[in-house]
Amino acid sequence: MGTLKHWSFNLALSAAGFGVLILAWSLAATQFLPVQLPRPTLVVEAIHDNFSRAAGLELQGLQGGYASNLKYTAINTLRAFAIASPIGFAVGMMSARLQLVRDISAPLLLLFATVPELVAAPFLLIWFGPGELAQGILVGFYCFVIVAVAAQNAALRLAPEYEGFAATLGASPRRRFLTVVLPGSLPAVIGGLRIALAVSWSLQCAAELLGSDVGVGRVITLSQQLGYTAGIMAVILLVGIVAVICDRLLAGGLRWAVRWQESVA
Amino acid sequence: MNTAPALEVTNLTVSFSHEKTVVDAIEGVNLAVDAGQFLVVIGPSGGGKSTLLNAIAGLVSPSQGTITAHGKPVTRPGRDRGMVFQRDTAFPWMRVSDNIGYSLRAGGVPRKERESIVAHYVESVGLTGAERSWPKQLSGGMRKRVAVAAAFASDPEMLLMDEPFGSLDFVTKMRLQELSLKLWSETRKTIVFVTHDVDEALTLADRIVVIAGGRLVDDLSVDFRRPRTDDLRADPTAIALRRHLLGRLGLVGMSAE
């Protein structure tokens with residue numbers, strides 16, 4: 001009951017936050033032209049009118065509506081994240097365990113982690129074209145780097161006594177890795193995984209903005225050409241909602257995986 | 001009859017590099033421990049006690065000298081030398097029963113047998129009812145019980161305990177000392193116990209060695225009758241031994257009370 005009350009209170013606070021935002025937005029919109037800052041109702045209208053078919057953008061060459069383009073963006077984002085983050089996790093763990101791998105990978109990870117994604121994006125688009133492959137490589141690569149760095153740090157920071165204890169209990173190096181290092185490092189990797197997912201959304205959209213025939217980025221580009229600001233904001237809102245839902249699902253799954261870390265129930 | 005000691009440390013030196021200088025944490029230590037003996041290693045902080053224990057466990061390599069446990073040279077950690085650390089080492093991501101049965105699973109012990117051994121040690125250390133708890137749901141003392149039970153459940157020939165109760169409150173510490181003695185008297189395992197607490201040493205030990213400045217500087221037999229009660233504090237021999245040990249720790253002036 002206490003938990004339900006707490007949850008309801010938090011929900012009410014979140015709703016109040018949104019309420020304040022929409023009120024402030026509505027008030028601000030009265031001071032600008034719709035092309036500069038449309039009213040919230042215009043944005044809702046844009047979603048309603050273009051959700052399954054964006055007739056106004058069809059002449060510009062867009063296929064489908066917001067929903068199908070959002071689906072394309074979401075699938076590409078989540079696929080790249082799902083493929084790259086386990087690889088990053090594995091490489092980060094290996095580099096923490098093996099000095100040779102760490103010596104080779106640490107400077108490269110540091111280098112790539114510091115190169116801004118939008119600087120690398122044009123090169124990937126030149127090499128692989130403006131399609132799914134280039135977008136997937138861009139998103140996946142940065143996902144990989146973020147998760148690998150997080151996993152390496154997490155494994156290096158794990159108290160050595162845990163592994164020592166496991167060793168004196170007769171665990172082989174492989175068992176120690178699987179039953180001590182992996183689960184023990186997970187809490188510190190969670191932040192990296194969530195950041196990687198958030199970055200994946202922005203990179204996928206950015207890659208689509210730089211050149212794509214489909215996706216949310218394409219919708220934004222075409223809407224911008226038409227001065228259809230309400231459409232841009234509608235798509236941004238939709239991406240934000242889907243990204244938040246994905247983050248909540250990921251966070252929930254990860255919270256379950258590290259439920260042992262929570263305080264007394 | 002095999003009269004070889006359970007543990008033999010010969011001319012052991014362990015050195016660490018620190019800022020371009022080599023520091024000997026342990027230097028030329030010789031020690032033989034009989035099977036079933038409760039040996040307490042005492043000494044000031046930074047004196048080399050934990051390094052000695054880690055070397056016996058196989059967690060650090062000797063720079064010189066040899067360590068033999070039950071006739072076999074020590075080259076790496078092994079299930080024959082269980083260890084309880086000062087820090088909490090009950091795996092937070094495993095429930096109590098999985099922690100206690102960890103070594104059994106690693107050793108491929110069949111499930112039924114494993115469950116029976118775990119149940120025995122859960123009861124022995126007073127954790128009945130907490131088998132499915134996560135370590136985070138337990139007190140510090142209970143978590144330490146989990147680590148002690150896990151170490152005993154692995155059935156090592158020797159148990160190494162590195163200031164295991166150092167961070168606990170007085171009452172919990174006394175209870176865990178009692179528990180250690182109970183498990184020791186049931187199993188008669190060789191125990192090497194590191195502490196800097198003289199009273200703890202006098203309560204537990206058959207024998208006390210003092211390590212200071214990386215060297216073994218004293219080796220004393222402790223023959224008081226067991227169980228050792230509070231009356232021991234009034235025993236003139238115990239008082240003299242306590243003063244002697246405090247002197248070795250450089251605290252003799254503080255023992256006047």
# chains A, B, ... in the order shown; residues from 1 in each chain; ligands from 1
>>> interface_residues(of="chain B", to="chain A", cutoff="6 Å", atoms="only C-alpha atoms", output="PyMOL selection string")
chain B and resi 77-79+82+89+93+103+106+134+137
>>> write_last_selection(atoms="N, CA and C atoms", output="compact mmCIF listing (two decimals), in the first residue's frame")
# COMPACT_ATOMS: atom_id res chain seq x y z
N PRO B 77 45.98 -20.20 -5.39
CA PRO B 77 44.91 -20.48 -4.43
C PRO B 77 44.29 -21.85 -4.69
N GLY B 78 43.79 -22.46 -3.67
CA GLY B 78 43.18 -23.78 -3.85
C GLY B 78 42.18 -24.05 -2.75
N ARG B 79 41.31 -24.99 -3.02
CA ARG B 79 40.23 -25.30 -2.08
C ARG B 79 40.75 -25.91 -0.78
N GLY B 82 41.06 -22.64 2.61
CA GLY B 82 39.94 -21.69 2.59
C GLY B 82 40.34 -20.39 3.25
N THR B 89 32.97 -10.58 1.98
CA THR B 89 33.17 -11.24 0.69
C THR B 89 32.02 -12.17 0.34
N TRP B 93 25.48 -10.88 -5.01
CA TRP B 93 24.55 -11.29 -6.09
C TRP B 93 24.09 -12.74 -5.94
N SER B 103 31.42 -23.30 -3.23
CA SER B 103 32.57 -24.18 -3.47
C SER B 103 32.10 -25.57 -3.88
N ALA B 106 31.22 -25.43 -7.45
CA ALA B 106 32.47 -25.35 -8.23
C ALA B 106 33.17 -26.70 -8.25
N TRP B 134 19.15 -12.22 0.39
CA TRP B 134 20.34 -11.64 -0.25
C TRP B 134 21.25 -11.12 0.86
N GLN B 137 20.39 -8.02 2.78
CA GLN B 137 19.29 -8.05 3.75
C GLN B 137 19.76 -8.50 5.13
>>> select_by_dssp(residues="region 35-242 of chain A", states="helix (DSSP H, G or I)", output="number ranges by chain")
A: 40-50, 55-58, 66-97, 99-114, 117-128, 132-157, 160-168, 173-210, 216-226, 229-242
>>> closest_residue(among="B:Glu19, B:Asp169, B:Asp219, B:Glu186", to="Gly43 (chain B)", atoms="only C-alpha atoms")
B:Asp219
>>> residues_around(residues="region 239-246 of chain B", least_positions_apart="2", cutoff="12 Å", atoms="only C-alpha atoms", output="PyMOL selection string")
chain B and resi 41-44+196-203+207-212+217-224+231-237+248-257
>>> write_last_selection(atoms="N, CA and C atoms", output="compact mmCIF listing (two decimals), in the first residue's frame")
# COMPACT_ATOMS: atom_id res chain seq x y z
N VAL B 41 48.16 -15.14 14.36
CA VAL B 41 49.27 -14.26 13.97
C VAL B 41 48.88 -12.86 14.41
N ILE B 42 49.70 -12.26 15.23
CA ILE B 42 49.38 -10.94 15.75
C ILE B 42 50.52 -9.99 15.42
N GLY B 43 50.22 -8.73 15.37
CA GLY B 43 51.28 -7.77 15.08
C GLY B 43 50.69 -6.42 14.76
N PRO B 44 51.50 -5.41 14.73
CA PRO B 44 51.00 -4.07 14.43
C PRO B 44 50.54 -3.96 12.98
N HIS B 196 44.88 -8.03 15.19
CA HIS B 196 45.76 -7.16 15.96
C HIS B 196 45.19 -6.97 17.36
N ASP B 197 44.18 -7.82 17.67
CA ASP B 197 43.49 -7.73 18.95
C ASP B 197 44.06 -8.79 19.89
N VAL B 198 44.77 -8.36 20.93
CA VAL B 198 45.44 -9.28 21.84
C VAL B 198 44.43 -10.17 22.56
N ASP B 199 43.30 -9.60 23.00
CA ASP B 199 42.31 -10.40 23.72
C ASP B 199 41.71 -11.47 22.81
N GLU B 200 41.50 -11.11 21.56
CA GLU B 200 40.98 -12.09 20.60
C GLU B 200 41.99 -13.23 20.44
N ALA B 201 43.27 -12.87 20.37
CA ALA B 201 44.32 -13.88 20.23
C ALA B 201 44.33 -14.81 21.44
N LEU B 202 44.21 -14.25 22.64
CA LEU B 202 44.25 -15.07 23.86
C LEU B 202 43.01 -15.96 23.97
N THR B 203 41.90 -15.51 23.43
CA THR B 203 40.66 -16.30 23.49
C THR B 203 40.74 -17.49 22.54
N ARG B 207 48.43 -21.20 19.88
CA ARG B 207 49.78 -20.68 19.70
C ARG B 207 49.67 -19.30 19.06
N ILE B 208 50.56 -18.41 19.50
CA ILE B 208 50.55 -17.05 18.93
C ILE B 208 51.93 -16.75 18.37
N VAL B 209 51.97 -16.27 17.13
CA VAL B 209 53.23 -15.76 16.60
C VAL B 209 53.06 -14.26 16.36
N VAL B 210 54.13 -13.54 16.62
CA VAL B 210 54.08 -12.09 16.43
C VAL B 210 54.91 -11.74 15.19
N ILE B 211 54.27 -11.01 14.30
CA ILE B 211 54.97 -10.53 13.09
C ILE B 211 55.05 -9.01 13.20
N ALA B 212 56.24 -8.49 13.12
CA ALA B 212 56.41 -7.03 13.16
C ALA B 212 57.54 -6.66 12.21
N VAL B 217 58.84 -12.27 15.14
CA VAL B 217 59.66 -11.84 16.28
C VAL B 217 59.32 -12.59 17.57
N ASP B 218 58.26 -13.37 17.55
CA ASP B 218 57.92 -14.12 18.78
C ASP B 218 57.06 -15.31 18.40
N ASP B 219 57.18 -16.36 19.18
CA ASP B 219 56.41 -17.58 18.93
C ASP B 219 56.04 -18.17 20.30
N LEU B 220 54.78 -18.07 20.68
CA LEU B 220 54.38 -18.40 22.05
C LEU B 220 53.29 -19.47 22.07
N SER B 221 53.43 -20.39 22.98
CA SER B 221 52.39 -21.41 23.15
C SER B 221 51.34 -20.88 24.13
N VAL B 222 50.07 -21.14 23.85
CA VAL B 222 48.99 -20.66 24.72
C VAL B 222 48.25 -21.89 25.25
N ASP B 223 48.50 -22.22 26.51
CA ASP B 223 48.01 -23.50 27.03
C ASP B 223 46.79 -23.38 27.94
N PHE B 224 46.13 -22.25 27.95
CA PHE B 224 44.98 -22.11 28.85
C PHE B 224 43.89 -23.09 28.49
N ASP B 231 37.04 -15.32 33.13
CA ASP B 231 37.96 -15.51 34.26
C ASP B 231 39.42 -15.45 33.80
N LEU B 232 39.59 -15.76 32.51
CA LEU B 232 40.96 -15.76 31.98
C LEU B 232 41.62 -14.40 32.15
N ARG B 233 40.79 -13.36 32.10
CA ARG B 233 41.34 -12.01 32.22
C ARG B 233 42.00 -11.79 33.59
N ALA B 234 41.58 -12.59 34.60
CA ALA B 234 42.13 -12.43 35.95
C ALA B 234 43.30 -13.38 36.22
N ASP B 235 43.54 -14.29 35.27
CA ASP B 235 44.61 -15.29 35.45
C ASP B 235 45.97 -14.59 35.34
N PRO B 236 46.84 -14.73 36.36
CA PRO B 236 48.12 -14.01 36.34
C PRO B 236 48.97 -14.36 35.10
N THR B 237 48.94 -15.65 34.68
CA THR B 237 49.73 -16.02 33.50
C THR B 237 49.20 -15.31 32.26
N ARG B 248 54.96 -6.21 22.65
CA ARG B 248 55.40 -6.49 21.28
C ARG B 248 54.72 -5.57 20.27
N LEU B 249 53.52 -5.13 20.65
CA LEU B 249 52.80 -4.21 19.75
C LEU B 249 53.16 -2.76 20.05
N GLY B 250 54.05 -2.57 21.01
CA GLY B 250 54.46 -1.22 21.37
C GLY B 250 53.44 -0.49 22.20
N LEU B 251 52.56 -1.25 22.92
CA LEU B 251 51.48 -0.62 23.68
C LEU B 251 51.56 -0.92 25.17
N VAL B 252 52.71 -1.31 25.66
CA VAL B 252 52.77 -1.79 27.05
C VAL B 252 52.36 -0.72 28.05
N GLY B 253 52.68 0.52 27.75
CA GLY B 253 52.33 1.61 28.65
C GLY B 253 50.83 1.79 28.79
N MET B 254 50.09 1.34 27.73
CA MET B 254 48.64 1.52 27.74
C MET B 254 47.93 0.37 28.44
N SER B 255 48.70 -0.65 28.84
CA SER B 255 48.06 -1.81 29.47
C SER B 255 48.03 -1.69 30.98
N ALA B 256 48.48 -0.56 31.54
CA ALA B 256 48.59 -0.41 32.99
C ALA B 256 47.25 -0.56 33.69
N GLU B 257 46.16 -0.20 32.99
CA GLU B 257 44.83 -0.35 33.60
C GLU B 257 44.60 -1.81 33.93
>>> residues_around(residues="region 150-154 of chain A", least_positions_apart="6", cutoff="6 Å", atoms="only C-alpha atoms", output="MDAnalysis selection string")
chainID A and resid 89 92:93 96 185 188:189 192
>>> closest_atom_pairs(of="region 200-248 of chain A", to="region 124-136 of chain A", cutoff="8 Å", atoms="only C-alpha atoms", output="Markdown table")
| residue | atom | partner | partner_atom | distance |
| --- | --- | --- | --- | --- |
| A:Gln204 | CA | A:Gln135 | CA | 6.2 |
| A:Ala207 | CA | A:Gln135 | CA | 5.8 |
| A:Glu208 | CA | A:Gln135 | CA | 7.5 |
| A:Gly211 | CA | A:Pro130 | CA | 5.5 |
| A:Ser212 | CA | A:Pro130 | CA | 5.5 |
| A:Asp213 | CA | A:Gly131 | CA | 8.0 |
>>> residues_around(residues="Asp49 (chain A)", least_positions_apart="5", cutoff="10 Å", atoms="only C-alpha atoms", output="PDB file with N, CA and C atoms, in the first residue's frame")
ATOM      1  N   VAL A  43       0.563  20.806 -32.431  1.00  0.00           N
ATOM      2  CA  VAL A  43       1.466  19.638 -32.453  1.00  0.00           C
ATOM      3  C   VAL A  43       0.637  18.361 -32.365  1.00  0.00           C
ATOM      4  N   VAL A  44      -0.355  18.372 -31.478  1.00  0.00           N
ATOM      5  CA  VAL A  44      -1.236  17.201 -31.347  1.00  0.00           C
ATOM      6  C   VAL A  44      -1.978  16.971 -32.663  1.00  0.00           C
ATOM      7  N   ALA A  54       1.432  10.792 -44.056  1.00  0.00           N
ATOM      8  CA  ALA A  54       1.736  12.231 -44.052  1.00  0.00           C
ATOM      9  C   ALA A  54       1.537  12.767 -45.463  1.00  0.00           C
ATOM     10  N   ALA A  55       0.287  13.082 -45.766  1.00  0.00           N
ATOM     11  CA  ALA A  55      -0.052  13.489 -47.135  1.00  0.00           C
ATOM     12  C   ALA A  55       0.750  14.699 -47.598  1.00  0.00           C
ATOM     13  N   GLY A  56       0.946  15.647 -46.708  1.00  0.00           N
ATOM     14  CA  GLY A  56       1.662  16.867 -47.057  1.00  0.00           C
ATOM     15  C   GLY A  56       3.116  16.628 -47.414  1.00  0.00           C
ATOM     16  N   GLY A  65       3.564   7.430 -42.963  1.00  0.00           N
ATOM     17  CA  GLY A  65       3.341   8.533 -42.032  1.00  0.00           C
ATOM     18  C   GLY A  65       4.379   8.538 -40.925  1.00  0.00           C
ATOM     19  N   TYR A  66       4.045   9.267 -39.844  1.00  0.00           N
ATOM     20  CA  TYR A  66       4.990   9.340 -38.724  1.00  0.00           C
ATOM     21  C   TYR A  66       5.250   7.949 -38.129  1.00  0.00           C
ATOM     22  N   GLY A 231       4.990  19.933 -37.232  1.00  0.00           N
ATOM     23  CA  GLY A 231       5.341  18.562 -37.637  1.00  0.00           C
ATOM     24  C   GLY A 231       6.672  18.131 -37.031  1.00  0.00           C
TER      25      GLY A 231
END
>>> select_by_dssp(residues="region 22-239 of chain B", states="strand (DSSP E)", output="ChimeraX atom specification")
/B:22-33,38-42,64-69,72-73,81-84,158-162,190-195,207-212,215-221
>>> write_last_selection(atoms="C-alpha atoms", output="PDB file, in the first residue's frame")
ATOM      1  CA  VAL B  22      61.327  -2.486  -3.489  1.00  0.00           C
ATOM      2  CA  VAL B  23      59.772  -3.001  -0.074  1.00  0.00           C
ATOM      3  CA  ASP B  24      59.962  -6.311   1.771  1.00  0.00           C
ATOM      4  CA  ALA B  25      56.537  -6.835   3.337  1.00  0.00           C
ATOM      5  CA  ILE B  26      57.734 -10.165   4.732  1.00  0.00           C
ATOM      6  CA  GLU B  27      61.350 -11.053   5.209  1.00  0.00           C
ATOM      7  CA  GLY B  28      62.882 -14.439   5.977  1.00  0.00           C
ATOM      8  CA  VAL B  29      59.895 -15.889   7.843  1.00  0.00           C
ATOM      9  CA  ASN B  30      60.077 -19.522   8.966  1.00  0.00           C
ATOM     10  CA  LEU B  31      57.008 -21.158  10.432  1.00  0.00           C
ATOM     11  CA  ALA B  32      55.660 -24.670  10.856  1.00  0.00           C
ATOM     12  CA  VAL B  33      52.050 -25.277  11.903  1.00  0.00           C
ATOM     13  CA  PHE B  38      44.707 -22.824  16.034  1.00  0.00           C
ATOM     14  CA  LEU B  39      47.524 -20.426  15.260  1.00  0.00           C
ATOM     15  CA  VAL B  40      46.986 -16.707  15.743  1.00  0.00           C
ATOM     16  CA  VAL B  41      49.269 -14.263  13.970  1.00  0.00           C
ATOM     17  CA  ILE B  42      49.377 -10.940  15.748  1.00  0.00           C
ATOM     18  CA  GLN B  64      62.009 -15.912  -2.004  1.00  0.00           C
ATOM     19  CA  GLY B  65      61.428 -19.045   0.013  1.00  0.00           C
ATOM     20  CA  THR B  66      58.782 -21.720  -0.126  1.00  0.00           C
ATOM     21  CA  ILE B  67      55.394 -22.526   1.349  1.00  0.00           C
ATOM     22  CA  THR B  68      54.199 -26.097   1.666  1.00  0.00           C
ATOM     23  CA  ALA B  69      50.671 -27.014   2.696  1.00  0.00           C
ATOM     24  CA  LYS B  72      52.393 -29.820  -1.475  1.00  0.00           C
ATOM     25  CA  PRO B  73      54.065 -26.585  -2.557  1.00  0.00           C
ATOM     26  CA  ARG B  81      43.213 -23.479   1.953  1.00  0.00           C
ATOM     27  CA  GLY B  82      39.937 -21.689   2.590  1.00  0.00           C
ATOM     28  CA  MET B  83      40.044 -18.040   3.478  1.00  0.00           C
ATOM     29  CA  VAL B  84      37.843 -15.558   5.310  1.00  0.00           C
ATOM     30  CA  MET B 158      43.291 -25.395   6.484  1.00  0.00           C
ATOM     31  CA  LEU B 159      41.391 -22.183   7.123  1.00  0.00           C
ATOM     32  CA  LEU B 160      43.044 -18.794   6.805  1.00  0.00           C
ATOM     33  CA  MET B 161      41.235 -15.933   8.527  1.00  0.00           C
ATOM     34  CA  ASP B 162      42.451 -12.385   7.897  1.00  0.00           C
ATOM     35  CA  THR B 190      44.147 -26.148  11.019  1.00  0.00           C
ATOM     36  CA  ILE B 191      43.398 -22.453  11.430  1.00  0.00           C
ATOM     37  CA  VAL B 192      45.734 -19.527  10.837  1.00  0.00           C
ATOM     38  CA  PHE B 193      43.997 -16.440  12.200  1.00  0.00           C
ATOM     39  CA  VAL B 194      45.355 -12.919  11.783  1.00  0.00           C
ATOM     40  CA  THR B 195      44.368 -10.212  14.227  1.00  0.00           C
ATOM     41  CA  ARG B 207      49.780 -20.678  19.697  1.00  0.00           C
ATOM     42  CA  ILE B 208      50.549 -17.053  18.931  1.00  0.00           C
ATOM     43  CA  VAL B 209      53.233 -15.761  16.604  1.00  0.00           C
ATOM     44  CA  VAL B 210      54.085 -12.088  16.433  1.00  0.00           C
ATOM     45  CA  ILE B 211      54.969 -10.527  13.088  1.00  0.00           C
ATOM     46  CA  ALA B 212      56.414  -7.026  13.156  1.00  0.00           C
ATOM     47  CA  ARG B 215      59.741 -10.542  10.563  1.00  0.00           C
ATOM     48  CA  LEU B 216      58.555 -13.218  12.926  1.00  0.00           C
ATOM     49  CA  VAL B 217      59.662 -11.844  16.284  1.00  0.00           C
ATOM     50  CA  ASP B 218      57.921 -14.123  18.775  1.00  0.00           C
ATOM     51  CA  ASP B 219      56.407 -17.584  18.934  1.00  0.00           C
ATOM     52  CA  LEU B 220      54.378 -18.402  22.051  1.00  0.00           C
ATOM     53  CA  SER B 221      52.395 -21.411  23.153  1.00  0.00           C
TER      54      SER B 221
END
>>> closest_residue(among="B:Gly107, B:Gly58, B:Pro135, B:Gly129", to="Arg95 (chain B)", atoms="only C-alpha atoms")
B:Pro135
>>> decode(residues="region 122-153 of chain A", atoms="N, CA and C atoms", output="PDB file, in the first residue's frame")
ATOM      1  N   PRO A 122      29.757  11.844 -41.101  1.00  0.00           N
ATOM      2  CA  PRO A 122      29.889  12.051 -42.550  1.00  0.00           C
ATOM      3  C   PRO A 122      30.816  11.030 -43.225  1.00  0.00           C
ATOM      4  N   PHE A 123      31.884  10.626 -42.499  1.00  0.00           N
ATOM      5  CA  PHE A 123      32.810   9.653 -43.088  1.00  0.00           C
ATOM      6  C   PHE A 123      32.102   8.320 -43.325  1.00  0.00           C
ATOM      7  N   LEU A 124      31.331   7.904 -42.321  1.00  0.00           N
ATOM      8  CA  LEU A 124      30.622   6.635 -42.461  1.00  0.00           C
ATOM      9  C   LEU A 124      29.600   6.702 -43.586  1.00  0.00           C
ATOM     10  N   LEU A 125      28.966   7.865 -43.735  1.00  0.00           N
ATOM     11  CA  LEU A 125      27.979   8.013 -44.809  1.00  0.00           C
ATOM     12  C   LEU A 125      28.666   7.988 -46.176  1.00  0.00           C
ATOM     13  N   ILE A 126      29.894   8.530 -46.222  1.00  0.00           N
ATOM     14  CA  ILE A 126      30.651   8.494 -47.491  1.00  0.00           C
ATOM     15  C   ILE A 126      31.040   7.045 -47.813  1.00  0.00           C
ATOM     16  N   TRP A 127      31.527   6.337 -46.790  1.00  0.00           N
ATOM     17  CA  TRP A 127      32.019   4.970 -47.034  1.00  0.00           C
ATOM     18  C   TRP A 127      30.902   3.966 -47.306  1.00  0.00           C
ATOM     19  N   PHE A 128      29.821   4.090 -46.541  1.00  0.00           N
ATOM     20  CA  PHE A 128      28.791   3.045 -46.621  1.00  0.00           C
ATOM     21  C   PHE A 128      27.474   3.515 -47.243  1.00  0.00           C
ATOM     22  N   GLY A 129      27.426   4.771 -47.677  1.00  0.00           N
ATOM     23  CA  GLY A 129      26.195   5.264 -48.294  1.00  0.00           C
ATOM     24  C   GLY A 129      25.189   5.708 -47.241  1.00  0.00           C
ATOM     25  N   PRO A 130      24.093   6.338 -47.712  1.00  0.00           N
ATOM     26  CA  PRO A 130      23.135   6.917 -46.763  1.00  0.00           C
ATOM     27  C   PRO A 130      22.067   5.927 -46.283  1.00  0.00           C
ATOM     28  N   GLY A 131      22.380   4.662 -46.286  1.00  0.00           N
ATOM     29  CA  GLY A 131      21.359   3.672 -45.928  1.00  0.00           C
ATOM     30  C   GLY A 131      21.483   3.145 -44.514  1.00  0.00           C
ATOM     31  N   GLU A 132      20.766   2.045 -44.305  1.00  0.00           N
ATOM     32  CA  GLU A 132      20.717   1.430 -42.977  1.00  0.00           C
ATOM     33  C   GLU A 132      22.080   1.000 -42.477  1.00  0.00           C
ATOM     34  N   LEU A 133      22.928   0.527 -43.405  1.00  0.00           N
ATOM     35  CA  LEU A 133      24.227  -0.008 -42.983  1.00  0.00           C
ATOM     36  C   LEU A 133      25.072   1.071 -42.308  1.00  0.00           C
ATOM     37  N   ALA A 134      25.188   2.228 -42.966  1.00  0.00           N
ATOM     38  CA  ALA A 134      25.995   3.315 -42.393  1.00  0.00           C
ATOM     39  C   ALA A 134      25.411   3.776 -41.067  1.00  0.00           C
ATOM     40  N   GLN A 135      24.077   3.878 -41.037  1.00  0.00           N
ATOM     41  CA  GLN A 135      23.430   4.307 -39.786  1.00  0.00           C
ATOM     42  C   GLN A 135      23.697   3.293 -38.674  1.00  0.00           C
ATOM     43  N   GLY A 136      23.548   2.028 -39.021  1.00  0.00           N
ATOM     44  CA  GLY A 136      23.763   0.962 -38.024  1.00  0.00           C
ATOM     45  C   GLY A 136      25.192   0.950 -37.514  1.00  0.00           C
ATOM     46  N   ILE A 137      26.158   1.155 -38.432  1.00  0.00           N
ATOM     47  CA  ILE A 137      27.569   1.149 -38.019  1.00  0.00           C
ATOM     48  C   ILE A 137      27.858   2.344 -37.104  1.00  0.00           C
ATOM     49  N   LEU A 138      27.315   3.495 -37.470  1.00  0.00           N
ATOM     50  CA  LEU A 138      27.540   4.694 -36.644  1.00  0.00           C
ATOM     51  C   LEU A 138      26.963   4.496 -35.237  1.00  0.00           C
ATOM     52  N   VAL A 139      25.706   4.089 -35.179  1.00  0.00           N
ATOM     53  CA  VAL A 139      25.050   3.907 -33.875  1.00  0.00           C
ATOM     54  C   VAL A 139      25.746   2.795 -33.096  1.00  0.00           C
ATOM     55  N   GLY A 140      25.956   1.672 -33.772  1.00  0.00           N
ATOM     56  CA  GLY A 140      26.555   0.509 -33.112  1.00  0.00           C
ATOM     57  C   GLY A 140      27.955   0.795 -32.612  1.00  0.00           C
ATOM     58  N   PHE A 141      28.718   1.533 -33.387  1.00  0.00           N
ATOM     59  CA  PHE A 141      30.103   1.792 -33.005  1.00  0.00           C
ATOM     60  C   PHE A 141      30.181   2.607 -31.710  1.00  0.00           C
ATOM     61  N   TYR A 142      29.369   3.644 -31.629  1.00  0.00           N
ATOM     62  CA  TYR A 142      29.437   4.463 -30.411  1.00  0.00           C
ATOM     63  C   TYR A 142      28.824   3.757 -29.209  1.00  0.00           C
ATOM     64  N   CYS A 143      27.838   2.949 -29.491  1.00  0.00           N
ATOM     65  CA  CYS A 143      27.259   2.101 -28.437  1.00  0.00           C
ATOM     66  C   CYS A 143      28.339   1.175 -27.883  1.00  0.00           C
ATOM     67  N   PHE A 144      29.040   0.556 -28.804  1.00  0.00           N
ATOM     68  CA  PHE A 144      30.126  -0.359 -28.447  1.00  0.00           C
ATOM     69  C   PHE A 144      31.168   0.352 -27.578  1.00  0.00           C
ATOM     70  N   VAL A 145      31.580   1.540 -28.002  1.00  0.00           N
ATOM     71  CA  VAL A 145      32.626   2.275 -27.273  1.00  0.00           C
ATOM     72  C   VAL A 145      32.148   2.621 -25.854  1.00  0.00           C
ATOM     73  N   ILE A 146      30.927   3.140 -25.757  1.00  0.00           N
ATOM     74  CA  ILE A 146      30.405   3.559 -24.439  1.00  0.00           C
ATOM     75  C   ILE A 146      30.317   2.364 -23.492  1.00  0.00           C
ATOM     76  N   VAL A 147      29.765   1.268 -23.992  1.00  0.00           N
ATOM     77  CA  VAL A 147      29.577   0.095 -23.124  1.00  0.00           C
ATOM     78  C   VAL A 147      30.927  -0.556 -22.796  1.00  0.00           C
ATOM     79  N   ALA A 148      31.828  -0.591 -23.775  1.00  0.00           N
ATOM     80  CA  ALA A 148      33.143  -1.206 -23.528  1.00  0.00           C
ATOM     81  C   ALA A 148      33.900  -0.443 -22.439  1.00  0.00           C
ATOM     82  N   VAL A 149      33.887   0.885 -22.515  1.00  0.00           N
ATOM     83  CA  VAL A 149      34.582   1.694 -21.505  1.00  0.00           C
ATOM     84  C   VAL A 149      33.944   1.478 -20.122  1.00  0.00           C
ATOM     85  N   ALA A 150      32.605   1.465 -20.101  1.00  0.00           N
ATOM     86  CA  ALA A 150      31.903   1.265 -18.818  1.00  0.00           C
ATOM     87  C   ALA A 150      32.214  -0.115 -18.240  1.00  0.00           C
ATOM     88  N   ALA A 151      32.207  -1.131 -19.101  1.00  0.00           N
ATOM     89  CA  ALA A 151      32.447  -2.504 -18.627  1.00  0.00           C
ATOM     90  C   ALA A 151      33.885  -2.669 -18.143  1.00  0.00           C
ATOM     91  N   GLN A 152      34.816  -2.072 -18.869  1.00  0.00           N
ATOM     92  CA  GLN A 152      36.226  -2.166 -18.452  1.00  0.00           C
ATOM     93  C   GLN A 152      36.423  -1.526 -17.077  1.00  0.00           C
ATOM     94  N   ASN A 153      35.890  -0.339 -16.912  1.00  0.00           N
ATOM     95  CA  ASN A 153      36.026   0.345 -15.614  1.00  0.00           C
ATOM     96  C   ASN A 153      35.355  -0.445 -14.500  1.00  0.00           C
TER      97      ASN A 153
END
